[in-house]
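Asker: What follows is model.txt, made up of compact mmCIF, C-alpha atoms:
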# COMPACT_ATOMS: atom_id res chain seq x y z
CA MET S 1 123.15 123.26 150.94
CA LYS S 2 123.95 119.54 151.21
CA LYS S 3 121.37 118.81 148.52
CA ASN S 4 122.97 121.35 146.17
CA LEU S 5 126.41 119.86 146.77
CA PHE S 6 125.02 116.40 146.04
CA TYR S 7 123.54 117.50 142.70
CA LEU S 8 126.80 119.26 141.80
CA PHE S 9 128.73 116.08 142.57
CA LEU S 10 126.26 114.00 140.56
CA CYS S 11 126.48 116.28 137.51
CA THR S 12 130.28 116.33 137.70
CA THR S 13 130.35 112.53 137.88
CA VAL S 14 128.10 112.22 134.82
CA VAL S 15 130.29 114.62 132.80
CA LEU S 16 133.49 112.86 133.83
CA ASN S 17 132.06 109.45 133.00
CA ALA S 18 130.96 110.72 129.58
CA GLN S 19 134.45 112.09 128.90
CA LYS S 20 136.07 108.78 129.90
CA ASN S 21 133.94 107.02 127.30
CA ILE S 22 135.00 109.42 124.53
CA TYR S 23 138.06 108.98 122.33
CA GLU S 24 139.29 111.56 119.84
CA SER S 25 142.31 110.99 117.62
CA ASP S 26 145.20 113.43 118.00
CA LYS S 27 145.17 113.55 114.19
CA PHE S 28 141.51 114.52 113.99
CA GLU S 29 142.11 118.08 112.80
CA ALA S 30 144.60 117.06 110.11
CA LEU S 31 142.44 114.23 108.75
CA SER S 32 139.06 115.98 108.94
CA SER S 33 139.94 119.50 107.78
CA GLU S 34 138.52 118.85 104.29
CA HIS S 35 135.45 116.90 105.42
CA GLU S 36 132.17 118.16 103.98
CA VAL S 37 129.74 115.22 104.05
CA LEU S 38 129.40 112.24 106.38
CA ALA S 39 127.23 109.16 105.85
CA ILE S 40 125.43 107.36 108.68
CA ILE S 41 125.26 103.62 108.12
CA PRO S 42 123.17 101.02 110.03
CA PHE S 43 124.67 99.97 113.36
CA LEU S 44 125.77 96.36 113.67
CA THR S 45 123.63 94.78 116.38
CA ASN S 46 124.16 91.83 118.67
CA LEU S 47 120.94 90.77 120.38
CA GLU S 48 120.90 88.44 123.36
CA LEU S 49 117.21 87.95 124.03
CA LYS S 50 115.76 85.65 126.66
CA ASP S 51 112.97 84.69 124.26
CA ASN S 52 113.33 81.39 122.43
CA ILE S 53 113.35 82.45 118.77
CA SER S 54 114.94 81.09 115.60
CA LYS S 55 118.23 82.34 114.18
CA GLY S 56 116.33 83.80 111.23
CA GLU S 57 114.03 85.79 113.49
CA LEU S 58 116.99 86.96 115.58
CA LYS S 59 118.86 88.21 112.51
CA ALA S 60 115.75 90.05 111.31
CA LEU S 61 115.39 91.75 114.70
CA GLU S 62 119.08 92.70 114.80
CA LYS S 63 118.72 94.26 111.36
CA LYS S 64 115.64 96.20 112.48
CA GLU S 65 117.45 97.56 115.55
CA GLY S 66 120.51 98.54 113.48
CA TYR S 67 118.43 100.56 111.03
CA ALA S 68 116.46 102.11 113.91
CA VAL S 69 119.67 103.59 115.33
CA GLN S 70 120.66 104.90 111.89
CA ASP S 71 117.25 106.59 111.61
CA ALA S 72 117.41 108.01 115.15
CA LEU S 73 120.82 109.56 114.51
CA GLU S 74 119.58 111.27 111.35
CA ILE S 75 116.57 112.63 113.26
CA TYR S 76 118.87 113.92 116.01
CA PHE S 77 121.26 115.71 113.63
CA SER S 78 118.37 117.16 111.60
CA ARG S 79 116.83 118.60 114.74
CA ILE S 80 119.97 119.80 116.51
CA LYS S 81 121.53 121.52 113.49
CA LYS S 82 118.90 124.22 113.89
CA LYS S 83 120.52 125.09 117.23
CA LYS S 84 124.13 124.12 116.63
CA LYS S 85 126.23 124.78 113.56
CA PHE S 86 128.17 121.82 112.21
CA SER S 87 131.14 122.04 109.86
CA VAL S 88 129.80 119.04 107.90
CA GLU S 89 126.56 117.89 106.30
CA PHE S 90 124.99 114.47 106.81
CA GLN S 91 123.96 112.43 103.80
CA ASN S 92 120.27 111.55 103.73
CA ILE S 93 120.03 107.96 104.97
CA LYS S 94 117.50 107.06 102.25
CA ASN S 95 120.14 108.03 99.69
CA THR S 96 122.82 106.19 101.67
CA ASN S 97 120.83 102.97 101.80
CA ALA S 98 119.73 103.28 98.16
CA ILE S 99 123.32 103.70 96.93
CA LEU S 100 124.43 100.76 99.05
CA ALA S 101 121.60 98.62 97.67
CA LYS S 102 122.55 99.49 94.08
CA ASN S 103 126.01 98.16 94.89
CA ASP S 104 124.59 94.96 96.43
CA ILE S 105 125.49 96.09 99.93
CA ASP S 106 123.04 95.68 102.79
CA TYR S 107 123.01 95.06 106.53
CA ASP S 108 124.03 91.43 106.08
CA ASN S 109 127.28 92.12 104.24
CA ILE S 110 128.21 95.75 104.98
CA ASP S 111 130.76 94.64 107.57
CA VAL S 112 132.97 93.01 104.90
CA TYR S 113 133.58 96.39 103.26
CA THR S 114 136.26 98.78 104.52
CA ILE S 115 135.57 102.37 105.49
CA LYS S 116 137.56 103.52 102.48
CA GLU S 117 135.49 101.34 100.14
CA LEU S 118 132.18 102.52 101.60
CA CYS S 119 133.17 106.18 101.42
CA LYS S 120 134.19 105.80 97.78
CA ILE S 121 130.89 104.11 96.91
CA LEU S 122 128.82 106.67 98.84
CA GLU S 123 130.99 109.61 97.70
CA VAL S 124 131.35 110.97 101.23
CA ASP S 125 134.32 112.09 103.35
CA GLY S 126 133.65 110.00 106.41
CA ILE S 127 131.43 107.36 107.96
CA ILE S 128 129.40 107.35 111.18
CA SER S 129 128.98 103.74 112.26
CA GLY S 130 128.68 101.75 115.45
CA ASN S 131 127.80 98.67 117.41
CA LEU S 132 124.81 97.84 119.56
CA ASP S 133 125.00 95.04 122.13
CA ILE S 134 121.65 94.66 123.89
CA ASN S 135 119.34 92.14 125.55
CA ILE S 136 116.07 93.98 124.81
CA LEU S 137 114.39 95.43 121.72
CA LEU S 138 115.06 99.18 121.86
CA SER S 139 112.59 99.83 119.06
CA LYS S 140 109.83 98.42 121.30
CA GLY S 141 110.88 100.61 124.20
CA ILE S 142 112.98 100.35 127.35
CA PRO S 143 111.10 99.06 130.42
CA SER S 144 110.42 101.99 132.74
CA ASP S 145 109.68 100.04 135.92
CA PHE S 146 112.57 99.82 138.36
CA SER S 147 113.26 97.76 141.44
CA LEU S 148 116.21 97.39 143.80
CA ILE S 149 116.27 93.66 143.04
CA ASP S 150 116.77 94.40 139.33
CA TYR S 151 119.68 96.66 140.21
CA LEU S 152 121.31 94.11 142.53
CA LEU S 153 120.91 91.29 140.02
CA GLY S 154 122.23 93.43 137.17
CA ASP S 155 118.92 93.30 135.29
CA SER S 156 118.77 97.10 135.11
CA ASN S 157 121.53 97.10 132.47
CA TYR S 158 120.51 96.31 128.91
CA GLY S 159 123.85 96.53 127.12
CA ARG S 160 126.06 99.12 125.43
CA ILE S 161 126.08 101.28 122.34
CA GLY S 162 129.21 102.50 120.62
CA MET S 163 129.32 105.20 117.96
CA LYS S 164 132.38 106.03 115.88
CA ILE S 165 133.46 108.39 113.11
CA SER S 166 136.06 107.23 110.60
CA ASP S 167 137.98 109.08 107.92
CA GLY S 168 137.16 108.06 104.36
CA GLU S 169 140.56 108.68 102.80
CA THR S 170 142.64 106.78 105.35
CA GLY S 171 139.98 104.60 107.00
CA LYS S 172 141.34 105.65 110.40
CA LEU S 173 139.19 106.04 113.51
CA LEU S 174 138.73 109.73 114.34
CA TRP S 175 136.23 109.73 117.22
CA LYS S 176 134.42 107.21 119.35
CA TYR S 177 131.85 107.31 122.12
CA GLU S 178 130.43 104.44 124.18
CA LYS S 179 127.49 104.45 126.54
CA GLU S 180 125.80 101.92 128.78
CA ILE S 181 122.09 101.31 128.16
CA ASN S 182 119.89 101.08 131.24
CA LYS S 183 116.49 102.08 132.59
CA LYS S 184 117.54 105.75 132.56
CA SER S 185 118.45 105.73 128.87
CA GLY S 186 114.97 106.76 127.72
CA LYS S 187 111.82 105.12 126.43
CA ASN S 188 113.03 104.07 122.97
CA THR S 189 115.78 104.29 120.36
CA ASN S 190 115.22 108.00 119.69
CA ASP S 191 115.42 108.78 123.42
CA LEU S 192 118.60 106.73 123.73
CA ILE S 193 120.33 108.56 120.87
CA ASP S 194 119.11 111.92 122.11
CA GLY S 195 120.46 111.29 125.61
CA MET S 196 123.67 109.78 124.28
CA MET S 197 124.43 112.75 122.05
CA LYS S 198 123.54 115.26 124.75
CA SER S 199 126.11 113.60 126.99
CA ALA S 200 128.70 113.83 124.22
CA THR S 201 127.65 117.19 122.78
CA ARG S 202 130.56 119.15 124.25
CA LYS S 203 132.93 116.63 122.71
CA PHE S 204 131.30 116.20 119.29
CA PRO S 205 134.17 117.21 116.99
CA TYR S 206 132.29 118.78 114.08
CA GLU S 207 130.71 121.69 115.92
CA ARG S 208 131.99 124.87 114.27
CA GLU S 209 132.76 126.65 117.57
CA LYS S 210 134.76 123.65 118.75
CA ALA S 211 136.69 123.60 115.47
CA LYS S 212 137.51 127.30 115.82
CA ASN S 213 138.73 126.83 119.39
CA ARG S 214 140.82 123.84 118.34
CA LYS S 215 142.54 125.89 115.65
CA LYS S 216 143.14 128.77 118.08
CA GLY S 217 144.67 126.32 120.53
Here is the file; what I need is its structure written in the form of structure tokens.

Answerer:
Amino acid sequence: MKKNLFYLFLCTTVVLNAQKNIYESDKFEALSSEHEVLAIIPFLTNLELKDNISKGELKALEKKEGYAVQDALEIYFSRIKKKKKFSVEFQNIKNTNAILAKNDIDYDNIDVYTIKELCKILEVDGIISGNLDINILLSKGIPSDFSLIDYLLGDSNYGRIGMKISDGETGKLLWKYEKEINKKSGKNTNDLIDGMMKSATRKFPYEREKAKNRKKG
């Protein structure tokens, strides 16, 4: 009985923590009602590695991690849309990156463009973007070994990931979710995104059932 109560408390805590890390604009319905296609762009990455590497190597690794998250998100949405119905489509990231390249936009300068400018160039209704602040290479895998010393010293935490959805017409933030990255986040980038989205799945605003309930409310 005590064990069941403990698991119930643990699950409740996880759900509450996930909800605390989620923001949804009170204007979401009004601004997103006409949304049909969203583009996923590479996540801007800040790497703080213990290894002694050059600035050039660091930038190359940050770029690699940013595109890895973009790829993992597309894989997640492609897989999950077979189970859940979304009210929007997601632009193929190969097309997204190709269109950006044709307009001389890449990972190194994408942050100087506004959401409105990017949406106009990509011909989409909204942008999924984000930030990754980490001290390991997610693409190489998250260390699975765990020790109490790591926990006490804070070495079990590898950073944070933040994902946001912005409206293309106004450029306003519609939805945001942040999550800490640690030894329980999975083995790699795909695992991290999968776990992150599962935690936020009840709050993801473009699920058709959620949209219907919002309108009823």

Asker: When you look at segment 66-73 of chain S with a cut-off of 6 Å (counting all atoms listed in the file), what residues show up, excluding the ones that are within fewer than 5 positions of it in the same chain? I need them as number ranges by chain.

Answerer: S: 42-45, 190

Asker: Given the selection you just returned, output its residues as a file containing C-alpha atoms, formatted as an mmCIF file, in the frame of the given file.

Answerer:
data_model
loop_
_atom_site.group_PDB
_atom_site.id
_atom_site.type_symbol
_atom_site.label_atom_id
_atom_site.label_comp_id
_atom_site.auth_asym_id
_atom_site.auth_seq_id
_atom_site.Cartn_x
_atom_site.Cartn_y
_atom_site.Cartn_z
ATOM 1 C CA PRO S 42 123.170 101.020 110.030
ATOM 2 C CA PHE S 43 124.670 99.970 113.360
ATOM 3 C CA LEU S 44 125.770 96.360 113.670
ATOM 4 C CA THR S 45 123.630 94.780 116.380
ATOM 5 C CA ASN S 190 115.220 108.000 119.690
#

Asker: Have a look at atom CA of Ile193 of chain S and atom CA of Lys85 of chain S and let me know their distance in Å, one decimal.

Answerer: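 Going from atom CA of Ile193 of chain S over to atom CA of Lys85 of chain S covers 18.7 Å.
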
Asker: Of the candidates S:Leu138, S:Ile80, S:Leu174, S:Ile127, which one gets nearest to Tyr23 of chain S if we count only C-alpha atoms?

Answerer: S:Leu174

Asker: Under the rule that all atoms listed in the file are counted, which of S:Ile53, S:Val88, S:Ile93, S:Ala60 is the nearest residue to Ile75 of chain S?

Answerer: S:Ile93

Asker: Of the candidates S:Lys55, S:Lys82, S:Lys102, S:Lys120, which one gets nearest to Ala39 of chain S if we count only C-alpha atoms?

Answerer: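 Between S:Lys55, S:Lys82, S:Lys102, S:Lys120, the residue approaching Ala39 of chain S most closely is S:Lys120.
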
Asker: Which residue gives the smallest distance to Lys64 of chain S among S:Ser139, S:Ser185, S:Thr170, S:Asn21, with only C-alpha atoms counted?

Answerer: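 Under the stated criterion, the closest residue is S:Ser139.
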
Asker: Nearest residue to Lys179 of chain S out of S:Ile41, S:Ile128, S:Leu47, S:Met163, using only C-alpha atoms?

Answerer: S:Met163

Asker: Tell me which of S:Leu192, S:Leu132, S:Ile99, S:Val112 sits closest to Lys63 of chain S, counting only C-alpha atoms.

Answerer: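 Checking each of S:Leu192, S:Leu132, S:Ile99, S:Val112 against Lys63 of chain S, counting only C-alpha atoms, the winner is S:Leu132.
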
Asker: Work out how far apart atom CA of Ile22 of chain S and atom CA of Asp125 of chain S are and give it in Å to one decimal.

Answerer: 21.4 Å

Asker: In Å to one decimal, how far is atom CA of Asn188 of chain S from atom CA of Asn95 of chain S?

Answerer: 24.7 Å

Asker: As lines of an AutoDock Vina configuration file, what would the box around segment 192-197 of chain S look like: edges along x, y and z, 5 Å added on every side, centre and edge lengths in Å to one decimal?

Answerer:
center_x = 121.5
center_y = 109.7
center_z = 123.2
size_x = 15.8
size_y = 16.0
size_z = 14.7
